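Have a look at the structure below before the remarks.
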Protein chains: 2
Amino acid sequence: MSSVDKQLEDLKATIEDELPSGISVSDVKYEGPELVVYTRDPKDFASDGDLIRKLASKLRKRITVRPDPDVLMDVEEAREKIRDVIPDDAGVTDLDFHADTGEVVIEAEKPGMVIGRHGSTLRDITKAIGWTPEVVRTPPIESSTVSNVRNFLKQEREERRDILERVGRQIHREEMADDQWVRITTLGCCREVGRASFIISTAETRVLVDCGDKPGAEGEVPYLQVPEAAPLNSIDAVVLTHAHLDHSALIPLLFKYGYDGPIYCTEPTRDLMGLLTLDYLDVAAKEGRTPPYDSEMVREAIKHCIPLEYGDVTDIAPDVKLTFHNAGHILGSAVSHFHIGDGLYNVAFSGDIHYEDTRLFNGAVNDFPRVETLVLESTYGGRNDYQTDQADSERNLLDIINDTHEQGGKVVIPAFAVGRSQEIMLVLEEAMRSGKIPRMPVHLDGMIWEATAIHTTYPEYLRDDLRDRIFHDDENPFLAEEFNHIDAGEDERQDVADGDPAIILSTSGMVTGGPIMSWLRHLGPDPDSTLVFVGYQAQGTLGRRIQNGWDEIPMNERGGRGGGRGNTLSLNMDVETVDGFSGHADRQGLENFVKTMNPRPEKVLCVHGDERSVQDLSSALYHDYNMRTFAPKNLETFRFK
Amino acid sequence: MSSVDKQLEDLKATIEDELPSGISVSDVKYEGPELVVYTRDPKDFASDGDLIRKLASKLRKRITVRPDPDVLMDVEEAREKIRDVIPDDAGVTDLDFHADTGEVVIEAEKPGMVIGRHGSTLRDITKAIGWTPEVVRTPPIESSTVSNVRNFLKQEREERRDILERVGRQIHREEMADDQWVRITTLGCCREVGRASFIISTAETRVLVDCGDKPGAEGEVPYLQVPEAAPLNSIDAVVLTHAHLDHSALIPLLFKYGYDGPIYCTEPTRDLMGLLTLDYLDVAAKEGRTPPYDSEMVREAIKHCIPLEYGDVTDIAPDVKLTFHNAGHILGSAVSHFHIGDGLYNVAFSGDIHYEDTRLFNGAVNDFPRVETLVLESTYGGRNDYQTDQADSERNLLDIINDTHEQGGKVVIPAFAVGRSQEIMLVLEEAMRSGKIPRMPVHLDGMIWEATAIHTTYPEYLRDDLRDRIFHDDENPFLAEEFNHIDAGEDERQDVADGDPAIILSTSGMVTGGPIMSWLRHLGPDPDSTLVFVGYQAQGTLGRRIQNGWDEIPMNERGGRGGGRGNTLSLNMDVETVDGFSGHADRQGLENFVKTMNPRPEKVLCVHGDERSVQDLSSALYHDYNMRTFAPKNLETFRFK
């Protein structure tokens, strides 16, 4: 008998001891980090609201209770009873019964009403039908990404259970190593922005944190071939801090290279990773590059995701516990806290963070039970990297919109699909609602609409008051009638360009391709319109060149569009830049994050910034807060314990 | 055709172009780092003394010329002709013909006379017989180690050639890696003394430097199981700086774990490693521990040794050149200089060093064509680790000997077999020759005699004037008649103890076992005799306890010896400590090594010292010489380029 089987047998005996007589345990299994308890008496189990919590606390495990398949109520009967128990206002849109696990997935517009106070409605459901309910939100805006991911996972359910069981047994294996040490190896994003990737290793375990690409440098990928990372199939776990491509693009590649283990991330990160990596393949194909993997690998990645919520303390290896905390950067972005060994060491990876609250998100969490080392992003760590206050930036943006509106023009804003677009949408919605700018259509082009739909699917990940508005007041600002999805292509764009004053938000954010190119063709020659940059324009991008004053823009004829004009576009529209909307903490934000961090870390590794930024930040934190700081290079290994 | 075969074909063509007409090339092969050129005209080849040098310089390779086996002269005829060519004074003791390679190994008491001025006699031999002569020294003192190693290598000649050809093809493989970087990973000896071990890695190559044990902590071995070192069979080369067990003990273990590549070291290091690792197995067995490998693995290690001389620049991988330089620490000890890539980076490992000249050795070399990083031993790096000047120490030692002699006692000196014993022997020999102490017998017990025999086999590795005395004046001080090898066991020791004043040098150096225990039994109770410590006594050893004043010493009865006395020995002899004979540079020596180093390194990693020593030295070098210094921990990786 393997040590894991022995362990499960012991757990089963302990659970039986703890349970009131009359509640049986037919099987006990690991599924990923969770312990699943099968019972022939699910209704009795559900009747004591505290039972599962007591068991979890006693066993120090996350516990899920499922009915033994033998005792399941007939599906049609169960369906009716569920409708009886759940209030109509909950807006149930789908019920999906899985006889193999005794779960019923309930998709509802208002998941809170399905859950009930402290889970009371869920318990009522189990008491009524025996099946275990699982609740997901019906996207308020239809999202093809979310529905594709959900359908795919439904379809792959059986394989996924096998994966989860394998992962679970791996997590709960007996520790074999005699040595105790904790190391971090840098595989990318040191003294550079992009290709975030780290290995955390102990004598027992290896965990890969992030695996991104480097924008503008396709060949420069994380150093996965070095022995610290190879062979990939010996890595225990992958942790993804957020979905931006410079952290996620090469996650699917791991599966091509033999990795077959779990990816821990939040649920929105999983969906956004799906959206962004598929788009990454698409862009590579369009630009004539050979993508490093195909869409099958994206599906593999999604199949291996184990979603965690902020605050869940999760065993991901015999000697590593992971907890995600809100990072304030994009939807689902997570500061990742690792507790290693039994009190041996604690290290937090900031991922990308925004320290202050924004309209979209609460500011990054920097409060931990313990932390000795912080691995800190430094994108704006340079000595002069202070950003304009967002309130000033907003006023500035609204002034530009008002001016342009007065002269009858349109405002075109190149924006990243994920994060900054939604922030700007919230600014515009409020400004129109409060009369600071006239009501006018806001057209969303490229992936922005889809990204927004994903945001509305996961309001728990948004800023408190925004979430509450969506939850309780039914005032979802993203559903404002001014927002229009450009979904009819070039004709629709032509109509918008020929029509009344409007605002256009379009990808790509750095004017390197995508529908923004069309908008430049349509509106670039119009001296009454304004092009407003609200995000960072990297060296070498067309966006940066336009900021620098280019007004003759070489254009590729794409499919004969462009009305017979030549290959050069004269840019007559106003060009403005409004900073202050970054998803990254600025220098002050980074310092504040560290200064107010609880507890204060002993060591800080400054990463994910260009050479000057990491050096500046590292040296400032050392001098001002008297902590040991480092500006690592790629391919270095630090030993902490 | 493999790229190496293609390369060899091109080299053959180039050589044929360069050679005068009439000299044929029948084959060209790699053997380890050397290019071996087979010819049907070995005599013609030999007649132009410059030919090989010109070829080597043209091809930038080390070249050996061998006769095609078809054209070899009959062995008996060749034997006679050799006797004709070599002067009788050379003292040839053996001729060993190898028809497979066309080599004849000539063992002679005076190898210099076989070689002749600039190799003229060797060339005369080839011109006379066609065979390629190779010369080795007849040990002036018979050494079972040297003769065992030589006989073993003779016997394994065929397998060894296969190994060398495989290694050669590996060294000269085509470079495959696109990336360029240079890293060092610390596998041991950081913030501690013992278990020296490092990995140098590039994108193309991995080299292991040293693999020692940690005295007094058997379980603490180098971290060979971490991914930077595993799997061992993917390591390109092992470099051994010197034979002491804290650098060499686990070299044979590598072969048990699947390593099958070359070990680069000097010839004396190879022989001493054989002696010391076999003794290591012996001691483990005697102490009832399971040795980590058996003697077969020592033989494997010796079979895989590729001996290099000081100053030889040797390709050990497509992108790594190794050069050894005298380290002044023990016989054959080497500062190991690595030139990586084509001018990419240079790093020197000091190994253990002695900076000043000693009686035995020239001081360590610190002059290099280029060096950016120095990995420096720090055994005596602490702020107070200054040693007494050796001249004072010698006076002190001689005073003690004179006093003891006057009162009719014996002087007992516990000493390490390799290095310090020979240094003391030179002190004593000179003191008696010059009348500073009376002539009296010096008894050598334990491995000291054998280690001394190995020293006299390789006088080229000794200090200039000592070497010259042995070479030219036939005044080998180790052959002085006062030196007596204790080779008749306990009876002989009893006779010595009962006899006239004498000096005894005996292992083990820290009184942890070996014949020194017998000497304590015999002479410990004698108040007229003196016990003199001349080497470092580690915490926890009996030597340290005696230094600290213990005079009641628990003794194990071993085989009934000890004359019926009880289990406790009363120590009545005087106990003295004379420092200043260390094989290690003291703090001043380490600073001088760095200060006068040419060129001055940019970075210094202080290793191989306890925590305080590495921190002190690292901080002093930083402040005094304004270089970047580090006190690494085990299991860290530094990236240099």
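Residue numbers start at 1 in each chain; chains themselves are named A, B, ... in the order of the structure tokens; ligands are numbered from 1 in the order shown.
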
| Long-range neighbours of Thr358 in chain B as a list in words, 10 Å cut-off, only C-alpha atoms, 3 positions minimum in chain | Gly328, His329, His354, Tyr355, Phe361, Asn362, Gly363, Gln390, Glu423, Leu462, Arg463, Phe581, Ser582 and Gly583 of chain B

| request: Do a neighbour search on Ala196 in chain B at 6 Å with only C-alpha atoms, toss out local chain neighbours closer than 4 positions, and write the hits as a PyMOL selection string. | output: chain B and resi 188-189+210-212+247

| field | Interatomic distance, CA of Phe45 in chain A to CA of Lys58 in chain A (Å, one decimal) | value | 16.3 Å

| field | Using only C-alpha atoms: which of A:Ala364, A:Val511, A:Ile115, A:Ile251 has the shortest distance to Phe349 in chain A | value | A:Ala364

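Picture a line from CA of Asp465 in chain A to CA of Glu377 in chain A; it runs 27.1 Å.
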
| task | Pick out the residues sitting within 10 Å of Pro318 in chain B, and hand them over as a PyMOL selection string; count only C-alpha atoms, and ignore anything fewer than 3 positions along from it in its own chain. | result | chain B and resi 170-176+204-205+236+315+321+340-342

Got time to write the residues from that selection, all heavy atoms, as a CSV table (one decimal), in the first residue's frame?
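Output contents, as saved in again22.csv:
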```
chain,number,residue,atom,x,y,z
B,170,GLN,N,34.1,14.5,-27.5
B,170,GLN,CA,33.2,15.3,-26.7
B,170,GLN,C,33.7,16.7,-26.6
B,170,GLN,O,33.0,17.7,-26.8
B,170,GLN,CB,33.0,14.7,-25.4
B,170,GLN,CG,32.0,15.3,-24.5
B,170,GLN,CD,30.6,15.2,-25.0
B,170,GLN,OE1,30.3,14.4,-25.9
B,170,GLN,NE2,29.7,15.9,-24.3
B,171,ILE,N,35.0,16.8,-26.3
B,171,ILE,CA,35.6,18.2,-26.2
B,171,ILE,C,35.5,18.9,-27.5
B,171,ILE,O,35.3,20.1,-27.5
B,171,ILE,CB,37.1,18.0,-25.8
B,171,ILE,CG1,37.3,17.5,-24.4
B,171,ILE,CG2,37.8,19.4,-25.9
B,171,ILE,CD1,38.7,17.1,-24.1
B,172,HIS,N,35.7,18.2,-28.6
B,172,HIS,CA,35.8,18.9,-29.9
B,172,HIS,C,34.5,18.9,-30.6
B,172,HIS,O,34.5,19.2,-31.8
B,172,HIS,CB,36.9,18.4,-30.7
B,172,HIS,CG,38.3,18.6,-30.0
B,172,HIS,ND1,38.9,17.6,-29.2
B,172,HIS,CD2,39.1,19.6,-30.0
B,172,HIS,CE1,40.0,18.1,-28.8
B,172,HIS,NE2,40.2,19.3,-29.2
B,173,ARG,N,33.4,18.6,-29.9
B,173,ARG,CA,32.1,18.6,-30.6
B,173,ARG,C,31.7,20.0,-31.1
B,173,ARG,O,32.3,21.0,-30.6
B,173,ARG,CB,31.0,18.1,-29.6
B,173,ARG,CG,30.7,19.1,-28.5
B,173,ARG,CD,29.7,18.5,-27.5
B,173,ARG,NE,29.3,19.5,-26.5
B,173,ARG,CZ,29.9,19.6,-25.3
B,173,ARG,NH1,30.9,18.9,-25.0
B,173,ARG,NH2,29.5,20.5,-24.4
B,174,GLU,N,30.8,20.1,-31.9
B,174,GLU,CA,30.3,21.4,-32.4
B,174,GLU,C,29.5,22.1,-31.3
B,174,GLU,O,28.7,21.4,-30.7
B,174,GLU,CB,29.5,21.2,-33.6
B,174,GLU,CG,29.4,22.4,-34.6
B,174,GLU,CD,28.6,22.0,-35.8
B,174,GLU,OE1,28.4,20.8,-36.1
B,174,GLU,OE2,28.2,22.9,-36.5
B,175,GLU,N,29.7,23.3,-31.1
B,175,GLU,CA,28.9,24.0,-30.1
B,175,GLU,C,27.4,24.1,-30.6
B,175,GLU,O,27.1,24.4,-31.7
B,175,GLU,CB,29.4,25.4,-29.9
B,175,GLU,CG,30.6,25.5,-29.0
B,175,GLU,CD,31.0,26.9,-28.6
B,175,GLU,OE1,30.2,27.5,-27.9
B,175,GLU,OE2,32.1,27.3,-29.0
B,176,MET,N,26.5,23.8,-29.6
B,176,MET,CA,25.1,23.7,-30.0
B,176,MET,C,24.3,24.9,-29.4
B,176,MET,O,23.2,25.2,-29.9
B,176,MET,CB,24.5,22.4,-29.5
B,176,MET,CG,25.1,21.2,-30.1
B,176,MET,SD,24.9,21.1,-31.9
B,176,MET,CE,23.1,20.8,-32.0
B,204,GLU,N,26.5,25.7,-22.9
B,204,GLU,CA,27.0,24.5,-23.6
B,204,GLU,C,27.5,23.4,-22.7
B,204,GLU,O,27.5,22.3,-23.0
B,204,GLU,CB,28.1,25.0,-24.5
B,204,GLU,CG,28.8,24.0,-25.4
B,204,GLU,CD,27.9,23.5,-26.5
B,204,GLU,OE1,27.2,24.3,-27.1
B,204,GLU,OE2,27.9,22.3,-26.8
B,205,THR,N,28.0,23.8,-21.6
B,205,THR,CA,29.0,23.0,-20.8
B,205,THR,C,28.7,23.1,-19.3
B,205,THR,O,28.3,24.1,-18.8
B,205,THR,CB,30.4,23.4,-21.1
B,205,THR,OG1,30.6,23.3,-22.5
B,205,THR,CG2,31.4,22.6,-20.3
B,236,ASP,N,30.4,17.6,-18.2
B,236,ASP,CA,31.4,17.5,-19.3
B,236,ASP,C,32.8,17.0,-18.7
B,236,ASP,O,33.5,16.3,-19.3
B,236,ASP,CB,31.6,18.8,-20.0
B,236,ASP,CG,30.5,19.1,-20.9
B,236,ASP,OD1,29.4,19.6,-20.4
B,236,ASP,OD2,30.6,18.8,-22.1
B,315,ASP,N,42.0,22.5,-23.8
B,315,ASP,CA,40.6,22.5,-24.1
B,315,ASP,C,39.9,21.4,-23.3
B,315,ASP,O,40.3,20.2,-23.5
B,315,ASP,CB,40.3,22.3,-25.6
B,315,ASP,CG,40.7,23.4,-26.5
B,315,ASP,OD1,40.2,24.5,-26.3
B,315,ASP,OD2,41.6,23.2,-27.4
B,321,LYS,N,38.6,26.5,-21.7
B,321,LYS,CA,40.0,26.1,-21.6
B,321,LYS,C,40.4,26.2,-20.2
B,321,LYS,O,40.1,27.1,-19.5
B,321,LYS,CB,40.8,27.1,-22.4
B,321,LYS,CG,40.7,27.0,-23.9
B,321,LYS,CD,41.7,27.9,-24.6
B,321,LYS,CE,41.2,28.3,-26.0
B,321,LYS,NZ,41.1,27.1,-26.9
B,340,ILE,N,36.6,31.0,-20.6
B,340,ILE,CA,35.3,30.6,-21.1
B,340,ILE,C,34.9,31.4,-22.4
B,340,ILE,O,34.9,32.6,-22.4
B,340,ILE,CB,34.3,30.7,-20.0
B,340,ILE,CG1,34.7,29.7,-18.9
B,340,ILE,CG2,32.9,30.3,-20.5
B,340,ILE,CD1,34.0,30.0,-17.6
B,341,GLY,N,34.4,30.6,-23.4
B,341,GLY,CA,34.0,31.2,-24.6
B,341,GLY,C,35.3,31.8,-25.3
B,341,GLY,O,36.4,31.7,-24.8
B,342,ASP,N,35.0,32.5,-26.4
B,342,ASP,CA,36.2,33.1,-27.1
B,342,ASP,C,36.4,34.5,-26.5
B,342,ASP,O,35.9,35.5,-27.1
B,342,ASP,CB,35.9,33.1,-28.6
B,342,ASP,CG,37.2,33.2,-29.4
B,342,ASP,OD1,38.3,33.3,-28.8
B,342,ASP,OD2,37.1,33.4,-30.6
```

Residue contacts of range 242-244 of chain A (8 Å, only C-alpha atoms) excluding same-chain residues fewer than 3 positions away, as a PDB file with N, CA, C and O atoms, in the first residue's frame:
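Saved to out-v9.pdb:
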```pdb
ATOM      1  N   HIS A 247       3.648  37.407 -18.470  1.00  0.00           N
ATOM      2  CA  HIS A 247       3.681  36.436 -17.374  1.00  0.00           C
ATOM      3  C   HIS A 247       3.126  35.062 -17.786  1.00  0.00           C
ATOM      4  O   HIS A 247       3.454  34.067 -17.166  1.00  0.00           O
ATOM      5  N   SER A 248       2.294  35.047 -18.827  1.00  0.00           N
ATOM      6  CA  SER A 248       1.557  33.804 -19.131  1.00  0.00           C
ATOM      7  C   SER A 248       1.820  33.202 -20.497  1.00  0.00           C
ATOM      8  O   SER A 248       1.497  32.043 -20.724  1.00  0.00           O
ATOM      9  N   ALA A 249       2.414  33.964 -21.422  1.00  0.00           N
ATOM     10  CA  ALA A 249       2.404  33.532 -22.832  1.00  0.00           C
ATOM     11  C   ALA A 249       2.964  32.135 -23.034  1.00  0.00           C
ATOM     12  O   ALA A 249       2.514  31.398 -23.903  1.00  0.00           O
ATOM     13  N   CYS A 265      -4.012  29.354 -10.329  1.00  0.00           N
ATOM     14  CA  CYS A 265      -4.284  30.756 -10.645  1.00  0.00           C
ATOM     15  C   CYS A 265      -5.707  31.040 -10.212  1.00  0.00           C
ATOM     16  O   CYS A 265      -6.427  30.131  -9.814  1.00  0.00           O
ATOM     17  N   THR A 269      -8.016  34.691 -14.022  1.00  0.00           N
ATOM     18  CA  THR A 269      -6.719  34.563 -14.683  1.00  0.00           C
ATOM     19  C   THR A 269      -6.754  33.402 -15.679  1.00  0.00           C
ATOM     20  O   THR A 269      -6.238  33.515 -16.795  1.00  0.00           O
ATOM     21  N   ARG A 270      -7.394  32.297 -15.279  1.00  0.00           N
ATOM     22  CA  ARG A 270      -7.501  31.162 -16.201  1.00  0.00           C
ATOM     23  C   ARG A 270      -8.210  31.583 -17.489  1.00  0.00           C
ATOM     24  O   ARG A 270      -7.705  31.361 -18.592  1.00  0.00           O
ATOM     25  N   LEU A 272      -8.787  34.658 -18.726  1.00  0.00           N
ATOM     26  CA  LEU A 272      -8.047  35.689 -19.476  1.00  0.00           C
ATOM     27  C   LEU A 272      -6.809  35.086 -20.144  1.00  0.00           C
ATOM     28  O   LEU A 272      -6.443  35.476 -21.252  1.00  0.00           O
ATOM     29  N   MET A 273      -6.153  34.141 -19.467  1.00  0.00           N
ATOM     30  CA  MET A 273      -5.010  33.471 -20.087  1.00  0.00           C
ATOM     31  C   MET A 273      -5.460  32.781 -21.377  1.00  0.00           C
ATOM     32  O   MET A 273      -4.796  32.856 -22.403  1.00  0.00           O
ATOM     33  N   LEU A 276      -5.994  35.549 -23.990  1.00  0.00           N
ATOM     34  CA  LEU A 276      -4.790  36.253 -24.435  1.00  0.00           C
ATOM     35  C   LEU A 276      -3.815  35.322 -25.160  1.00  0.00           C
ATOM     36  O   LEU A 276      -3.157  35.727 -26.114  1.00  0.00           O
ATOM     37  N   ILE A 330      -4.589  43.715 -12.588  1.00  0.00           N
ATOM     38  CA  ILE A 330      -5.661  43.419 -13.546  1.00  0.00           C
ATOM     39  C   ILE A 330      -6.601  42.410 -12.895  1.00  0.00           C
ATOM     40  O   ILE A 330      -6.313  41.915 -11.806  1.00  0.00           O
ATOM     41  N   LEU A 331      -7.671  42.081 -13.594  1.00  0.00           N
ATOM     42  CA  LEU A 331      -8.654  41.151 -13.052  1.00  0.00           C
ATOM     43  C   LEU A 331      -7.975  39.832 -12.683  1.00  0.00           C
ATOM     44  O   LEU A 331      -7.335  39.198 -13.511  1.00  0.00           O
ATOM     45  N   GLY A 332      -8.136  39.428 -11.440  1.00  0.00           N
ATOM     46  CA  GLY A 332      -7.603  38.141 -10.986  1.00  0.00           C
ATOM     47  C   GLY A 332      -6.128  38.150 -10.650  1.00  0.00           C
ATOM     48  O   GLY A 332      -5.576  37.122 -10.265  1.00  0.00           O
ATOM     49  N   SER A 333      -5.464  39.297 -10.798  1.00  0.00           N
ATOM     50  CA  SER A 333      -4.021  39.345 -10.515  1.00  0.00           C
ATOM     51  C   SER A 333      -3.774  39.089  -9.031  1.00  0.00           C
ATOM     52  O   SER A 333      -4.537  39.530  -8.183  1.00  0.00           O
ATOM     53  N   ALA A 334      -2.681  38.375  -8.751  1.00  0.00           N
ATOM     54  CA  ALA A 334      -2.490  37.899  -7.384  1.00  0.00           C
ATOM     55  C   ALA A 334      -1.067  38.097  -6.898  1.00  0.00           C
ATOM     56  O   ALA A 334      -0.105  37.749  -7.582  1.00  0.00           O
ATOM     57  N   GLY A 351       4.177  39.701  -8.187  1.00  0.00           N
ATOM     58  CA  GLY A 351       3.626  39.768  -9.540  1.00  0.00           C
ATOM     59  C   GLY A 351       3.600  41.233  -9.921  1.00  0.00           C
ATOM     60  O   GLY A 351       4.396  42.027  -9.411  1.00  0.00           O
ATOM     61  N   ASP A 352       2.694  41.645 -10.790  1.00  0.00           N
ATOM     62  CA  ASP A 352       2.539  43.075 -11.073  1.00  0.00           C
ATOM     63  C   ASP A 352       1.490  43.622 -10.112  1.00  0.00           C
ATOM     64  O   ASP A 352       0.473  42.986  -9.878  1.00  0.00           O
TER      65      ASP A 352
END
```

| request: Pick out the residues sitting within 8 Å of range 404-415 of chain B, and hand them over as a PyMOL selection string; count only C-alpha atoms, and ignore anything fewer than 2 positions along from it in its own chain. | output: chain B and resi 400-402+417+420-421+497+500-511+516+519+523+526+528-535

Show me a table, sorted first by chain and then by increasing residue number, of the residues of chain A having an atom at most 9 Å from chain B, each with its shortest atom pair and the distance in Å to one decimal, counting only C-alpha atoms and written as a tab-separated table.
```
residue	atom	partner	partner_atom	distance
A:Trp181	CA	B:Leu635	CA	8.7
A:Arg183	CA	B:Glu636	CA	7.8
A:Ile184	CA	B:Glu636	CA	9.0
A:Thr185	CA	B:Thr637	CA	8.0
A:Ala203	CA	B:Val226	CA	7.8
A:Gln225	CA	B:Ala203	CA	8.9
A:Val226	CA	B:Ala203	CA	7.8
A:Pro227	CA	B:Pro227	CA	5.2
A:Glu228	CA	B:Pro227	CA	5.2
A:Ala229	CA	B:Pro227	CA	7.9
A:Ala230	CA	B:Pro227	CA	7.7
A:Lys633	CA	B:Arg639	CA	7.0
A:Asn634	CA	B:Arg639	CA	7.7
A:Leu635	CA	B:Arg639	CA	6.4
A:Glu636	CA	B:Thr637	CA	5.0
A:Thr637	CA	B:Thr637	CA	4.3
A:Phe638	CA	B:Glu636	CA	5.3
A:Arg639	CA	B:Glu636	CA	5.6
```

Dump as a short mmCIF file (atom, residue, chain, number, x, y, z; two decimals), in the first residue's frame, selection limited to N, CA, C and O atoms:
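Saved as selection.cif:
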```cif
data_model
loop_
_atom_site.label_atom_id
_atom_site.label_comp_id
_atom_site.auth_asym_id
_atom_site.auth_seq_id
_atom_site.Cartn_x
_atom_site.Cartn_y
_atom_site.Cartn_z
N TRP A 181 16.24 23.37 2.62
CA TRP A 181 16.69 24.64 2.06
C TRP A 181 15.61 25.23 1.18
O TRP A 181 14.70 24.53 0.75
N ARG A 183 15.27 27.96 -2.11
CA ARG A 183 16.02 28.73 -3.10
C ARG A 183 15.06 29.34 -4.13
O ARG A 183 13.98 28.83 -4.36
N ILE A 184 15.52 30.42 -4.73
CA ILE A 184 14.81 30.97 -5.88
C ILE A 184 15.80 31.13 -7.01
O ILE A 184 16.90 31.66 -6.82
N THR A 185 15.42 30.64 -8.18
CA THR A 185 16.23 30.83 -9.37
C THR A 185 15.48 31.74 -10.33
O THR A 185 14.29 31.57 -10.54
N ALA A 203 14.46 21.02 -1.13
CA ALA A 203 15.01 19.69 -1.38
C ALA A 203 13.92 18.75 -1.88
O ALA A 203 14.19 17.78 -2.57
N GLN A 225 15.48 25.88 -20.29
CA GLN A 225 16.35 24.74 -20.61
C GLN A 225 17.43 24.51 -19.55
O GLN A 225 18.13 23.52 -19.61
N VAL A 226 17.58 25.43 -18.59
CA VAL A 226 18.64 25.23 -17.59
C VAL A 226 18.24 24.14 -16.60
O VAL A 226 17.05 23.86 -16.43
N PRO A 227 19.23 23.53 -15.98
CA PRO A 227 18.92 22.36 -15.14
C PRO A 227 17.97 22.67 -13.99
O PRO A 227 17.23 21.78 -13.55
N GLU A 228 17.95 23.88 -13.50
CA GLU A 228 17.04 24.20 -12.40
C GLU A 228 15.59 23.99 -12.81
O GLU A 228 14.72 23.78 -11.96
N ALA A 229 15.29 24.12 -14.11
CA ALA A 229 13.91 23.97 -14.58
C ALA A 229 13.69 22.61 -15.23
O ALA A 229 12.56 22.14 -15.30
N ALA A 230 14.74 21.99 -15.73
CA ALA A 230 14.59 20.76 -16.50
C ALA A 230 14.73 19.54 -15.59
O ALA A 230 15.46 19.60 -14.62
N LYS A 633 20.30 39.24 -11.54
CA LYS A 633 20.34 39.01 -12.99
C LYS A 633 19.53 37.74 -13.27
O LYS A 633 19.28 36.94 -12.38
N ASN A 634 19.19 37.57 -14.54
CA ASN A 634 18.61 36.29 -14.91
C ASN A 634 19.60 35.18 -14.64
O ASN A 634 20.81 35.38 -14.72
N LEU A 635 19.10 34.00 -14.31
CA LEU A 635 19.93 32.80 -14.15
C LEU A 635 20.76 32.80 -12.88
O LEU A 635 21.79 32.15 -12.82
N GLU A 636 20.30 33.55 -11.88
CA GLU A 636 20.97 33.46 -10.60
C GLU A 636 20.09 32.67 -9.63
O GLU A 636 18.88 32.58 -9.80
N THR A 637 20.74 32.10 -8.63
CA THR A 637 19.99 31.39 -7.60
C THR A 637 20.32 31.98 -6.24
O THR A 637 21.49 32.14 -5.91
N PHE A 638 19.28 32.34 -5.51
CA PHE A 638 19.43 32.86 -4.16
C PHE A 638 18.99 31.80 -3.18
O PHE A 638 17.95 31.18 -3.37
N ARG A 639 19.78 31.64 -2.15
CA ARG A 639 19.35 30.72 -1.11
C ARG A 639 18.90 31.51 0.09
O ARG A 639 19.61 32.40 0.56
#
```

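Excluding Lys286 in chain A and any residue on its chain fewer than 6 positions from it, the residues at most 12 Å away by only C-alpha atoms are Asp279, Tyr280, Gly513 and Gly514 of chain A.
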
| request: Using CA of Ala327 in chain B and CA of Ser350 in chain B as the two end points, give the distance in Å to one decimal. | output: 7.2 Å

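Contact shell of Ile486 in chain A at 12 Å (only C-alpha atoms; same-chain neighbours under 4 positions omitted): Pro441, Val442, His443, Leu444, Asp445, Gly446, Met447, Ile448, Trp449, Glu450, Glu490, Asp491, Glu492, Arg493, Gln494, Asp495, Val496, Ile504, Leu505, Ser506, Thr507, Pro515, Ile516 and Trp519 of chain A.
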
| task | Enumerate, as a ChimeraX atom specification, the complete set of residues in range 36-213 of chain B that a backbone-based DSSP assignment places in alpha helix (DSSP H). | result | /B:42-47,51-59,75-85,111-115,120-129,144-155,157-171

| Which residue gives the smallest distance to Leu278 in chain B among B:Phe324, B:Tyr259, B:Pro67, B:Thr145, with only C-alpha atoms counted? |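 Among the listed residues, B:Thr145 lies closest to Leu278 in chain B.
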
| message | Could you check the closest approach to Lys595 in chain B for each of B:Ser434, B:Asn366, B:Thr373, B:Thr138 and tell me which residue wins, using only C-alpha atoms? | response |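 For Lys595 in chain B, the nearest of the candidates is B:Asn366.
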
| Every residue of range 498-588 of chain A that DSSP places in strand (DSSP E or B), as a PyMOL selection string | chain A and resi 503-506+530-533+552-554+568-570+574-577

| Between B:Asn598, B:Gln155, B:Thr456, B:Asn567, which has the minimum distance to Pro369 in chain B (counting only C-alpha atoms)? |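 Residue with the minimum atom-to-atom distance to Pro369 in chain B: B:Asn598.
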
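Take the candidates B:Ile163, B:His325, B:Val320, B:Arg395 and check each one against Lys303 in chain B using only C-alpha atoms; the shortest distance goes to B:Ile163.
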
| field | Residue with smallest distance to Arg83 in chain B - pool B:Gly112, B:Ile129, B:Ile52, B:Val371, counting only C-alpha atoms | value |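 For Arg83 in chain B, the nearest of the candidates is B:Ile129.
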